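The next block is query-v8.txt, given as compact mmCIF, C-alpha atoms.
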```txt
# COMPACT_ATOMS: atom_id res chain seq x y z
CA MET A 182 -20.42 -6.85 -11.88
CA SER A 183 -18.00 -5.13 -9.48
CA THR A 184 -14.34 -4.61 -10.35
CA THR A 185 -13.36 -7.03 -7.59
CA MET A 186 -15.52 -9.79 -9.07
CA LYS A 187 -14.17 -9.09 -12.56
CA VAL A 188 -10.58 -9.32 -11.31
CA LEU A 189 -11.28 -12.56 -9.44
CA LEU A 190 -13.03 -13.98 -12.51
CA GLY A 191 -10.08 -12.94 -14.69
CA MET A 192 -7.69 -14.65 -12.28
CA ALA A 193 -9.76 -17.85 -12.19
CA LEU A 194 -10.02 -18.02 -15.99
CA GLY A 195 -6.30 -17.23 -16.30
CA ILE A 196 -5.43 -20.09 -13.93
CA ALA A 197 -7.69 -22.48 -15.85
CA VAL A 198 -6.32 -21.54 -19.28
CA GLY A 199 -2.73 -21.54 -18.01
CA LEU A 200 -3.12 -25.00 -16.46
CA ILE A 201 -4.64 -26.42 -19.65
CA ILE A 202 -1.73 -25.07 -21.69
CA ASN A 203 0.84 -26.30 -19.15
CA LEU A 204 -0.59 -29.77 -18.50
CA THR A 205 -1.25 -30.55 -22.17
CA GLY A 206 2.33 -29.60 -23.11
CA SER A 207 1.09 -27.09 -25.68
CA ASN A 208 3.61 -24.44 -24.58
CA VAL A 209 6.74 -26.03 -26.03
CA SER A 210 9.16 -23.61 -27.66
CA GLY A 211 8.25 -22.85 -31.28
CA SER A 212 4.67 -24.12 -31.02
CA TRP A 213 1.71 -22.03 -32.20
CA VAL A 214 0.46 -21.62 -28.62
CA ASN A 215 3.86 -20.53 -27.36
CA GLN A 216 4.49 -18.13 -30.22
CA TYR A 217 1.08 -16.51 -30.65
CA LEU A 218 -0.64 -16.98 -27.30
CA THR A 219 1.64 -17.13 -24.22
CA ASN A 220 4.45 -15.06 -25.76
CA GLY A 221 2.10 -13.27 -28.14
CA LEU A 222 -1.32 -12.06 -26.99
CA PHE A 223 -0.86 -12.73 -23.26
CA HIS A 224 2.60 -11.16 -23.23
CA VAL A 225 1.55 -8.05 -25.19
CA VAL A 226 -1.58 -7.26 -23.14
CA GLY A 227 0.17 -7.97 -19.84
CA SER A 228 3.21 -5.87 -20.75
CA MET A 229 1.06 -2.94 -21.87
CA PHE A 230 -0.72 -2.96 -18.50
CA VAL A 231 2.57 -3.11 -16.60
CA ASN A 232 3.89 -0.19 -18.68
CA ALA A 233 0.73 1.75 -17.82
CA LEU A 234 1.41 1.21 -14.12
CA LYS A 235 5.00 2.38 -14.56
CA MET A 236 3.74 5.42 -16.49
CA LEU A 237 1.78 6.62 -13.46
CA VAL A 238 4.48 6.19 -10.82
CA VAL A 239 6.50 9.41 -11.00
CA PRO A 240 3.65 11.93 -11.54
CA LEU A 241 1.44 10.17 -8.97
CA VAL A 242 4.17 10.12 -6.33
CA PHE A 243 5.10 13.76 -6.91
CA PHE A 244 1.59 15.21 -6.91
CA SER A 245 0.25 13.01 -4.08
CA LEU A 246 3.28 13.68 -1.86
CA VAL A 247 3.09 17.44 -2.38
CA CYS A 248 -0.65 17.34 -1.63
CA GLY A 249 -0.02 15.13 1.40
CA VAL A 250 2.49 17.59 2.84
CA CYS A 251 0.26 20.58 2.04
CA GLY A 252 -2.66 18.79 3.67
CA ILE A 253 -0.77 18.90 6.97
CA GLY A 254 -1.37 22.64 7.02
CA ASP A 255 0.86 25.32 8.49
CA ILE A 256 3.88 23.49 9.92
CA LYS A 257 4.35 26.11 12.66
CA LEU A 258 0.75 25.64 13.83
CA LEU A 259 0.84 21.86 13.98
CA GLY A 260 2.09 21.86 17.55
CA ARG A 261 2.34 18.84 19.78
CA ILE A 262 -0.68 16.95 18.40
CA GLY A 263 0.56 17.05 14.81
CA THR A 264 4.11 16.11 15.77
CA LYS A 265 3.01 13.18 17.94
CA ALA A 266 0.60 11.86 15.30
CA PHE A 267 3.17 12.22 12.51
CA VAL A 268 5.89 10.36 14.44
CA LEU A 269 3.50 7.61 15.55
CA TYR A 270 2.12 7.07 12.04
CA LEU A 271 5.61 6.77 10.54
CA MET A 272 6.71 4.51 13.42
CA THR A 273 3.78 2.09 12.95
CA THR A 274 4.40 2.01 9.19
CA ALA A 275 8.10 1.19 9.72
CA ILE A 276 7.21 -1.57 12.22
CA ALA A 277 4.58 -2.93 9.81
CA ILE A 278 6.88 -3.33 6.83
CA ALA A 279 9.81 -4.57 8.95
CA SER A 280 7.61 -7.32 10.43
CA ALA A 281 6.33 -8.17 6.94
CA ILE A 282 9.86 -8.62 5.60
CA PHE A 283 10.88 -10.60 8.71
CA PHE A 284 8.00 -13.11 8.48
CA ALA A 285 8.07 -13.41 4.67
CA SER A 286 11.85 -13.98 4.64
CA GLY A 287 11.67 -16.48 7.47
CA LEU A 288 8.93 -18.52 5.80
CA GLY A 289 10.70 -18.44 2.41
CA ILE A 290 7.63 -17.83 0.24
CA GLY A 291 8.43 -18.12 -3.48
CA GLU A 292 11.79 -19.87 -3.02
CA GLY A 293 12.87 -22.47 -5.55
CA MET A 294 10.80 -21.19 -8.47
CA ASN A 295 13.68 -19.64 -10.46
CA ALA A 296 11.31 -17.79 -12.79
CA VAL A 297 12.93 -15.95 -15.68
CA ALA A 298 12.05 -12.36 -16.46
CA ASN A 299 12.53 -10.73 -19.87
CA ASN A 300 16.05 -10.88 -21.28
CA SER A 301 16.87 -7.28 -20.40
CA PHE A 302 16.34 -7.86 -16.68
CA THR A 303 19.26 -8.12 -14.30
CA GLY A 304 19.08 -7.74 -10.55
CA LYS A 305 20.69 -4.64 -9.09
CA GLU A 306 23.68 -4.94 -6.83
CA ALA A 307 23.06 -3.28 -3.49
CA PRO A 308 24.99 0.03 -3.32
CA PRO A 309 26.88 0.98 -0.15
CA LEU A 310 24.91 2.79 2.56
CA SER A 311 26.84 6.02 2.02
CA SER A 312 25.78 6.12 -1.66
CA VAL A 313 22.14 5.48 -0.77
CA ILE A 314 22.13 8.36 1.73
CA ILE A 315 23.95 10.77 -0.61
CA ASN A 316 21.73 9.93 -3.59
CA ILE A 317 18.54 10.67 -1.66
CA VAL A 318 19.26 14.33 -2.42
CA PRO A 319 19.01 14.72 -6.22
CA SER A 320 21.50 16.89 -8.07
CA ASN A 321 18.92 17.12 -10.86
CA PRO A 322 15.30 16.36 -9.86
CA ILE A 323 14.10 16.34 -13.50
CA SER A 324 16.73 13.73 -14.36
CA ALA A 325 15.71 11.67 -11.31
CA MET A 326 12.09 11.75 -12.49
CA ALA A 327 13.06 10.77 -16.03
CA LYS A 328 15.13 7.83 -14.77
CA GLY A 329 12.51 6.75 -12.21
CA GLU A 330 14.90 7.16 -9.27
CA MET A 331 12.23 7.24 -6.60
CA LEU A 332 14.07 8.14 -3.39
CA PRO A 333 15.34 11.43 -4.90
CA VAL A 334 11.84 12.09 -6.33
CA ILE A 335 10.28 11.52 -2.89
CA PHE A 336 12.83 13.82 -1.22
CA PHE A 337 12.28 16.59 -3.77
CA SER A 338 8.48 16.22 -3.49
CA ILE A 339 8.54 16.56 0.31
CA VAL A 340 10.87 19.58 0.23
CA PHE A 341 8.72 21.16 -2.50
CA GLY A 342 5.56 20.62 -0.42
CA VAL A 343 7.16 22.05 2.74
CA SER A 344 8.35 25.08 0.77
CA LEU A 345 4.81 25.63 -0.55
CA LEU A 346 3.57 25.70 3.04
CA MET A 347 6.28 28.18 4.04
CA VAL A 348 5.44 30.57 1.18
CA GLY A 349 1.84 30.70 2.39
CA ARG A 350 -0.98 32.52 0.58
CA LYS A 351 1.17 33.55 -2.38
CA ALA A 352 1.44 29.87 -3.33
CA ASP A 353 -2.28 29.09 -3.02
CA SER A 354 -2.74 29.05 -6.79
CA VAL A 355 0.15 26.57 -7.16
CA SER A 356 -1.26 24.37 -4.39
CA SER A 357 -4.70 24.37 -6.03
CA PHE A 358 -3.16 23.53 -9.41
CA ILE A 359 -1.22 20.60 -7.95
CA GLU A 360 -4.34 19.36 -6.12
CA ALA A 361 -6.20 19.40 -9.44
CA LEU A 362 -3.36 17.48 -11.11
CA ASN A 363 -3.45 14.98 -8.25
CA GLU A 364 -7.18 14.46 -8.83
CA ILE A 365 -6.45 13.86 -12.52
CA MET A 366 -3.82 11.25 -11.61
CA MET A 367 -6.32 9.51 -9.31
CA LYS A 368 -8.76 9.38 -12.21
CA MET A 369 -6.04 7.91 -14.44
CA VAL A 370 -5.51 5.19 -11.83
CA ASN A 371 -9.22 4.36 -12.05
CA VAL A 372 -9.10 4.31 -15.85
CA ILE A 373 -6.12 1.95 -15.97
CA MET A 374 -7.48 -0.27 -13.20
CA ALA A 375 -10.64 -0.69 -15.30
CA VAL A 376 -8.65 -2.94 -17.67
CA ALA A 377 -7.07 -4.85 -14.77
CA PRO A 378 -9.37 -7.91 -15.08
CA TYR A 379 -8.19 -8.53 -18.66
CA ALA A 380 -4.56 -7.88 -17.77
CA VAL A 381 -4.86 -10.26 -14.80
CA PHE A 382 -6.17 -12.99 -17.11
CA CYS A 383 -3.25 -12.56 -19.52
CA LEU A 384 -0.52 -12.23 -16.88
CA ILE A 385 -1.74 -15.17 -14.78
CA ALA A 386 -2.38 -17.39 -17.82
CA LYS A 387 1.14 -16.77 -19.13
CA ALA A 388 2.76 -17.37 -15.73
CA ILE A 389 0.80 -20.58 -15.04
CA ALA A 390 1.44 -21.84 -18.58
CA ASN A 391 5.17 -21.49 -17.96
CA LEU A 392 5.40 -22.55 -14.30
CA GLY A 393 2.38 -24.80 -13.72
CA LEU A 394 1.01 -25.95 -10.36
CA ASP A 395 4.16 -24.99 -8.45
CA LEU A 396 3.34 -21.31 -8.95
CA LEU A 397 -0.21 -21.81 -7.62
CA GLU A 398 1.21 -23.39 -4.48
CA GLN A 399 3.59 -20.48 -3.94
CA LEU A 400 0.83 -17.93 -4.64
CA LEU A 401 -1.31 -19.55 -1.94
CA GLY A 402 1.67 -19.23 0.40
CA TYR A 403 1.92 -15.51 -0.44
CA VAL A 404 -1.77 -14.96 0.34
CA LEU A 405 -1.63 -16.83 3.65
CA VAL A 406 1.56 -15.08 4.81
CA LEU A 407 0.20 -11.65 3.87
CA ILE A 408 -3.10 -12.24 5.69
CA GLY A 409 -1.19 -13.62 8.67
CA VAL A 410 1.09 -10.57 8.93
CA LEU A 411 -1.87 -8.18 8.51
CA LEU A 412 -3.78 -9.88 11.33
CA PHE A 413 -0.63 -9.98 13.49
CA HIS A 414 -0.18 -6.24 13.04
CA LEU A 415 -3.85 -5.55 13.77
CA PHE A 416 -4.33 -7.78 16.81
CA VAL A 417 -0.81 -7.81 18.30
CA THR A 418 1.42 -4.90 17.23
CA LEU A 419 -1.19 -2.13 17.29
CA GLN A 420 -2.71 -3.40 20.55
CA ILE A 421 0.70 -3.51 22.24
CA ILE A 422 1.32 0.07 21.13
CA LEU A 423 -2.12 1.08 22.46
CA LYS A 424 -1.55 -0.61 25.83
CA LEU A 425 2.04 0.58 26.35
CA MET A 426 1.51 4.18 25.25
CA SER A 427 -1.96 4.84 26.68
CA GLY A 428 -2.79 2.10 29.20
CA LEU A 429 -6.17 1.57 27.48
CA ASN A 430 -7.76 -1.89 27.21
CA PRO A 431 -7.04 -3.41 23.75
CA LEU A 432 -10.04 -5.78 23.94
CA THR A 433 -12.38 -2.83 24.39
CA PHE A 434 -10.77 -1.15 21.38
CA ILE A 435 -11.18 -4.23 19.17
CA ARG A 436 -14.85 -4.65 20.11
CA LYS A 437 -15.70 -1.01 19.47
CA MET A 438 -13.87 -0.85 16.12
CA ARG A 439 -15.52 -3.97 14.67
CA SER A 440 -18.30 -2.27 12.69
CA THR A 441 -15.91 0.35 11.29
CA GLN A 442 -13.46 -2.34 10.24
CA ILE A 443 -16.26 -4.18 8.41
CA PHE A 444 -17.17 -0.98 6.57
CA ALA A 445 -13.51 -0.37 5.65
CA PHE A 446 -13.27 -3.98 4.44
CA SER A 447 -16.24 -3.48 2.13
CA THR A 448 -15.06 -0.18 0.62
CA SER A 449 -11.29 -0.85 0.32
CA SER A 450 -10.84 2.90 0.81
CA SER A 451 -9.42 4.67 3.87
CA ASN A 452 -10.72 7.99 2.53
CA ALA A 453 -14.27 6.72 2.04
CA THR A 454 -14.24 5.38 5.61
CA ILE A 455 -13.18 8.71 7.20
CA PRO A 456 -16.72 9.77 8.30
CA VAL A 457 -17.42 6.39 9.92
CA THR A 458 -13.95 6.23 11.54
CA LEU A 459 -14.29 9.79 12.87
CA ARG A 460 -17.69 9.07 14.43
CA THR A 461 -16.45 5.83 16.02
CA VAL A 462 -13.28 7.43 17.40
CA THR A 463 -15.21 10.30 19.00
CA ASP A 464 -18.48 8.66 20.08
CA ARG A 465 -17.27 5.12 20.87
CA LEU A 466 -13.65 5.65 21.95
CA GLY A 467 -14.12 9.00 23.68
CA VAL A 468 -11.50 10.98 21.74
CA LYS A 469 -12.27 14.70 21.77
CA ASN A 470 -13.21 16.10 18.37
CA SER A 471 -10.38 18.67 18.57
CA VAL A 472 -7.90 15.77 18.29
CA ALA A 473 -9.89 13.28 16.14
CA SER A 474 -10.79 15.86 13.48
CA PHE A 475 -7.06 16.21 12.81
CA THR A 476 -5.63 12.72 13.44
CA VAL A 477 -8.22 10.69 11.50
CA PRO A 478 -8.05 12.53 8.12
CA PHE A 479 -4.30 12.93 8.65
CA GLY A 480 -3.99 9.18 9.19
CA ALA A 481 -6.05 8.39 6.10
CA THR A 482 -3.47 10.40 4.16
CA ILE A 483 -0.17 9.19 5.61
CA ASN A 484 -0.87 6.03 7.63
CA MET A 485 -0.69 3.03 5.32
CA ASP A 486 0.34 0.14 7.56
CA GLY A 487 -1.60 -2.44 5.53
CA THR A 488 -0.15 -1.22 2.24
CA ALA A 489 3.37 -1.23 3.73
CA ILE A 490 2.89 -4.85 4.84
CA MET A 491 1.78 -5.80 1.32
CA GLN A 492 4.86 -4.12 -0.14
CA GLY A 493 7.17 -5.97 2.26
CA VAL A 494 5.66 -9.42 1.69
CA ALA A 495 5.34 -8.89 -2.09
CA THR A 496 8.96 -7.71 -2.38
CA VAL A 497 10.27 -10.83 -0.61
CA PHE A 498 7.92 -13.07 -2.63
CA ILE A 499 8.88 -11.67 -6.05
CA ALA A 500 12.59 -11.54 -5.14
CA ASN A 501 12.43 -15.26 -4.25
CA ILE A 502 10.37 -16.13 -7.35
CA TYR A 503 12.99 -14.56 -9.62
CA ASN A 504 15.86 -15.73 -7.40
CA VAL A 505 17.13 -12.20 -6.68
CA ASP A 506 19.11 -11.63 -3.49
CA LEU A 507 18.22 -8.14 -2.26
CA GLY A 508 20.44 -8.32 0.82
CA MET A 509 20.16 -6.18 3.92
CA MET A 510 20.59 -2.89 2.03
CA GLY A 511 17.83 -3.81 -0.40
CA TYR A 512 15.38 -4.50 2.41
CA LEU A 513 16.38 -1.33 4.29
CA THR A 514 15.71 0.60 1.09
CA VAL A 515 12.26 -1.01 0.83
CA ILE A 516 11.47 -0.01 4.45
CA LEU A 517 12.67 3.57 3.89
CA MET A 518 10.71 3.96 0.66
CA ALA A 519 7.52 2.52 2.14
CA VAL A 520 7.67 4.90 5.10
CA LEU A 521 8.36 7.97 2.96
CA ALA A 522 5.87 7.04 0.24
CA SER A 523 3.12 6.50 2.82
CA ILE A 524 2.98 10.28 3.30
CA GLY A 525 1.45 10.65 -0.14
CA THR A 526 -0.17 7.28 -0.84
CA ALA A 527 -3.80 8.03 -1.60
CA GLY A 528 -6.41 6.09 0.37
CA VAL A 529 -8.19 4.71 -2.71
CA PRO A 530 -8.27 1.18 -4.18
CA GLY A 531 -5.46 0.24 -6.58
CA VAL A 532 -2.85 2.86 -5.66
CA GLY A 533 -0.89 0.32 -3.59
CA LEU A 534 0.09 -1.44 -6.83
CA ILE A 535 1.50 1.78 -8.25
CA MET A 536 3.59 2.25 -5.12
CA LEU A 537 4.71 -1.39 -5.32
CA SER A 538 5.97 -0.89 -8.88
CA MET A 539 7.95 2.10 -7.56
CA VAL A 540 9.56 -0.10 -4.87
CA PHE A 541 10.36 -2.84 -7.39
CA ALA A 542 12.03 -0.38 -9.75
CA GLN A 543 14.15 1.07 -6.94
CA VAL A 544 15.53 -2.26 -5.69
CA GLY A 545 15.89 -3.88 -9.11
CA LEU A 546 13.04 -6.39 -9.27
CA PRO A 547 11.15 -7.08 -12.52
CA ILE A 548 7.96 -5.03 -12.45
CA GLU A 549 6.21 -7.74 -14.47
CA GLY A 550 6.27 -9.72 -11.21
CA ILE A 551 3.32 -7.61 -10.08
CA GLY A 552 1.24 -9.65 -12.53
CA LEU A 553 1.67 -12.71 -10.32
CA ILE A 554 -0.03 -11.07 -7.33
CA LEU A 555 -2.39 -8.72 -9.14
CA GLY A 556 -5.27 -11.18 -9.20
CA VAL A 557 -5.43 -11.60 -5.42
CA ASP A 558 -4.52 -8.02 -4.56
CA ARG A 559 -8.05 -6.57 -4.77
CA LEU A 560 -9.34 -9.04 -2.19
CA LEU A 561 -6.35 -8.49 0.10
CA ASP A 562 -6.78 -4.73 -0.34
CA MET A 563 -10.00 -5.01 1.68
CA ILE A 564 -8.13 -6.47 4.68
CA ARG A 565 -5.35 -3.89 4.33
CA THR A 566 -7.88 -1.05 4.55
CA ALA A 567 -9.32 -2.44 7.78
CA VAL A 568 -5.78 -2.51 9.20
CA ASN A 569 -5.11 1.05 8.01
CA ILE A 570 -8.16 2.60 9.71
CA SER A 571 -7.47 0.62 12.91
CA GLY A 572 -4.01 2.21 12.99
CA ASP A 573 -5.62 5.64 12.58
CA ALA A 574 -7.87 4.95 15.58
CA VAL A 575 -5.01 3.64 17.77
CA VAL A 576 -2.87 6.71 17.13
CA SER A 577 -5.86 9.01 17.72
CA ALA A 578 -6.49 7.37 21.11
CA VAL A 579 -2.81 7.46 22.12
CA VAL A 580 -2.38 11.13 21.17
CA ALA A 581 -5.67 12.11 22.84
CA LYS A 582 -4.72 10.30 26.08
CA SER A 583 -1.31 12.01 26.18
CA GLU A 584 -2.98 15.42 25.71
CA GLY A 585 -5.77 14.82 28.25
CA GLN A 586 -8.30 14.86 25.42
CA LEU A 587 -9.76 11.38 25.92
CA ASP A 588 -12.87 10.62 28.00
CA GLU A 589 -12.09 7.23 29.56
CA SER A 590 -15.64 6.83 30.88
CA VAL A 591 -16.81 6.81 27.25
CA TYR A 592 -13.99 4.47 26.19
CA ASN A 593 -14.81 1.97 28.95
CA ASP A 594 -18.58 2.14 28.44
CA PRO A 595 -19.50 -0.77 26.11
CA ASP A 596 -22.70 0.99 24.99
CA ALA A 597 -21.27 4.48 24.44
CA GLY A 598 -22.21 5.74 20.96
CA HIS A 599 -23.40 2.25 20.05
CA HIS A 600 -26.67 3.30 18.42
CA THR A 601 -24.97 6.13 16.48
CA ALA A 602 -22.21 3.87 15.16
CA LYS A 603 -24.75 1.30 13.99
CA THR A 604 -26.82 3.99 12.28
CA ASP A 605 -23.75 5.38 10.47
CA SER A 606 -22.68 1.96 9.24
CA GLY A 607 -26.20 1.23 8.04
CA GLN A 608 -26.47 4.52 6.18
CA ALA A 609 -23.04 3.99 4.60
```

Show me, as structure tokens, the structure contained in the file I just sent.
Amino acid sequence: MSTTMKVLLGMALGIAVGLIINLTGSNVSGSWVNQYLTNGLFHVVGSMFVNALKMLVVPLVFFSLVCGVCGIGDIKLLGRIGTKAFVLYLMTTAIAIASAIFFASGLGIGEGMNAVANNSFTGKEAPPLSSVIINIVPSNPISAMAKGEMLPVIFFSIVFGVSLLMVGRKADSVSSFIEALNEIMMKMVNVIMAVAPYAVFCLIAKAIANLGLDLLEQLLGYVLVLIGVLLFHLFVTLQIILKLMSGLNPLTFIRKMRSTQIFAFSTSSSNATIPVTLRTVTDRLGVKNSVASFTVPFGATINMDGTAIMQGVATVFIANIYNVDLGMMGYLTVILMAVLASIGTAGVPGVGLIMLSMVFAQVGLPIEGIGLILGVDRLLDMIRTAVNISGDAVVSAVVAKSEGQLDESVYNDPDAGHHTAKTDSGQA
């Protein structure tokens, strides 16, 4: 059985057990069920999983960000193509999360639940803008890592990566060492996500036992809003950017990307989809290989529009569930962190949850809230990946058109590269 099926099964069983406990009134304070099951076994297993996610945050962010910056290559040799792609990727990510927060806030998902986190939890008061800006630069990076202060950690990681690039060959051994450590962290993510189905069961069962059918209704609202924002970004925002910045036909783009999007949906991995995306962008969209060979892998590394949308919607949802008012500064912090963290977010399943726990910690939301959305996240991750690779293709086309590296006769030919794209998808 696949991990996705296990997680969905764990969620379904958790909902069933939680509803039985809630509707039969077995969860009253002091009862055996309340003491040994909901606040015993379910609480312990769920909390251990959440702690494991928190454990990965700082080392994963540091190593993946440094590798992401080093993967850019020699900064001085990037030139116009690299600069344009970098700016466009960060711009689309910022637009993605801003639209997610706008729609989620406007629709009020999660409001009225008034869930209670553990007794030690208190919402953070939003600091003034001047303090946020000043504190981005850490006076002690080790202390920032120990305290889980993520904006300073992100800043230090980016500066460290840029400095590695500037040193050049002398730092090759350090770069290789950090790449190896990053691979180890990716493997740790896989190890911890292997127990996700059991953690999902415990976290969902406990939450439903305490909150009942109302939580299920709000969770459905979260899923529908997230899917809606993802589709809006894919079919509206990205297509407007494509039309305005390149003049290319969005309908042609959507038709030609369909098979690649289906493959991305099935793998839930931007990195695994790189070969298929690259072939589609060059053979079907007419982007010259000199541009696509840089922008597509680069986008798989730093362009995480779908993940940013999930972070925006999830932050609003959990803030409303726990009745925490983040305010304008809190949401601006979420946008800033999502954009910066996207540089190093690995294109593999499950890493989005690690990044989400980082965002929650920064703005003062209970990380245990991730348990409420964990069960549906794997399924939604498939849609997010399709959005991510579509963003990579849009930016590749825009940059290629601006550099005169796009063959419009290929782009406008409905059959261009059609047989090759089908063959690739079939082989994959």

Considering all atoms listed in the file, tabulate each residue of stretch 534-572 of chain A that lies at most 10 Å from stretch 383-398 of chain A along with its nearest interatomic pair and the corresponding distance in Å to one decimal; arrange the rows by chain and ascending residue number and present them as a tab-separated table.
```
residue	atom	partner	partner_atom	distance
A:Glu549	CA	A:Leu384	CA	8.4
A:Gly550	CA	A:Leu384	CA	9.2
A:Ile551	CA	A:Leu384	CA	9.1
A:Gly552	CA	A:Leu384	CA	5.4
A:Leu553	CA	A:Ile385	CA	6.1
A:Ile554	CA	A:Ile385	CA	8.7
A:Leu555	CA	A:Ile385	CA	8.6
A:Gly556	CA	A:Ile385	CA	7.7
```

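If all atoms listed in the file are the atoms counted, then among A:Ala275, A:Val457, A:Ile359, A:Ile314 the closest residue to A:Thr488 is A:Ala275.
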
Which is closest to A:Leu345 among A:Val540, A:Cys251, A:Ile499, A:Leu521, if we use only C-alpha atoms?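 Between A:Val540, A:Cys251, A:Ile499, A:Leu521, the residue approaching A:Leu345 most closely is A:Cys251.
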
Counting only C-alpha atoms, which residue out of A:Ile443, A:Val406, A:Met509, A:Leu459 sits closest to A:Phe479? A:Leu459

Sphere at (9.3, 16.2, -0.7), radius 12 Å, counting only C-alpha atoms: residues as a PyMOL selection string: chain A and resi 242-251+317-319+322+331-346+521-522+524-525

Please, what distance in Å, to one decimal, runs between atom CA of A:Ser324 and atom CA of A:Phe230?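 Pair atom CA of A:Ser324 / atom CA of A:Phe230 returns 24.5 Å.
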
Using all atoms listed in the file: which of A:Ile422, A:Val462, A:Tyr379, A:Ile282 has the shortest distance to A:Gly511: A:Ile282

For C-alpha atoms, please extract stretch 537-586 of chain A from the block and return it as a compact mmCIF listing (two decimals), in the first residue's frame.
```txt
# COMPACT_ATOMS: atom_id res chain seq x y z
CA LEU A 537 4.81 24.96 7.61
CA SER A 538 5.95 24.12 11.14
CA MET A 539 8.70 26.71 10.68
CA VAL A 540 6.11 29.36 9.72
CA PHE A 541 3.87 28.44 12.65
CA ALA A 542 6.74 28.73 15.11
CA GLN A 543 7.72 32.15 13.76
CA VAL A 544 4.26 33.73 14.02
CA GLY A 545 3.27 32.03 17.28
CA LEU A 546 0.77 29.37 16.23
CA PRO A 547 0.61 25.96 17.97
CA ILE A 548 2.55 23.50 15.82
CA GLU A 549 0.19 20.73 16.93
CA GLY A 550 -2.33 22.40 14.62
CA ILE A 551 -0.52 20.72 11.73
CA GLY A 552 -2.14 17.49 12.91
CA LEU A 553 -5.53 18.82 11.83
CA ILE A 554 -4.48 19.17 8.18
CA LEU A 555 -1.90 16.39 7.99
CA GLY A 556 -4.38 13.76 6.84
CA VAL A 557 -5.46 15.66 3.72
CA ASP A 558 -2.06 17.17 2.95
CA ARG A 559 -0.69 14.23 0.95
CA LEU A 560 -3.59 14.36 -1.49
CA LEU A 561 -3.39 18.15 -1.80
CA ASP A 562 0.38 17.85 -2.28
CA MET A 563 -0.33 16.24 -5.65
CA ILE A 564 -2.25 19.33 -6.85
CA ARG A 565 0.43 21.65 -5.45
CA THR A 566 3.12 19.89 -7.47
CA ALA A 567 1.15 20.34 -10.69
CA VAL A 568 0.92 24.07 -9.89
CA ASN A 569 4.65 24.25 -9.11
CA ILE A 570 5.80 22.76 -12.42
CA SER A 571 3.31 24.92 -14.35
CA GLY A 572 4.94 27.98 -12.77
CA ASP A 573 8.35 26.68 -13.86
CA ALA A 574 7.09 26.39 -17.45
CA VAL A 575 5.49 29.86 -17.46
CA VAL A 576 8.67 31.55 -16.24
CA SER A 577 10.76 29.55 -18.74
CA ALA A 578 8.54 30.74 -21.60
CA VAL A 579 8.53 34.37 -20.42
CA VAL A 580 12.32 34.50 -19.98
CA ALA A 581 12.92 32.75 -23.32
CA LYS A 582 10.59 35.16 -25.16
CA SER A 583 12.34 38.20 -23.63
CA GLU A 584 15.73 36.82 -24.71
CA GLY A 585 14.63 35.83 -28.23
CA GLN A 586 15.12 32.17 -27.32
```
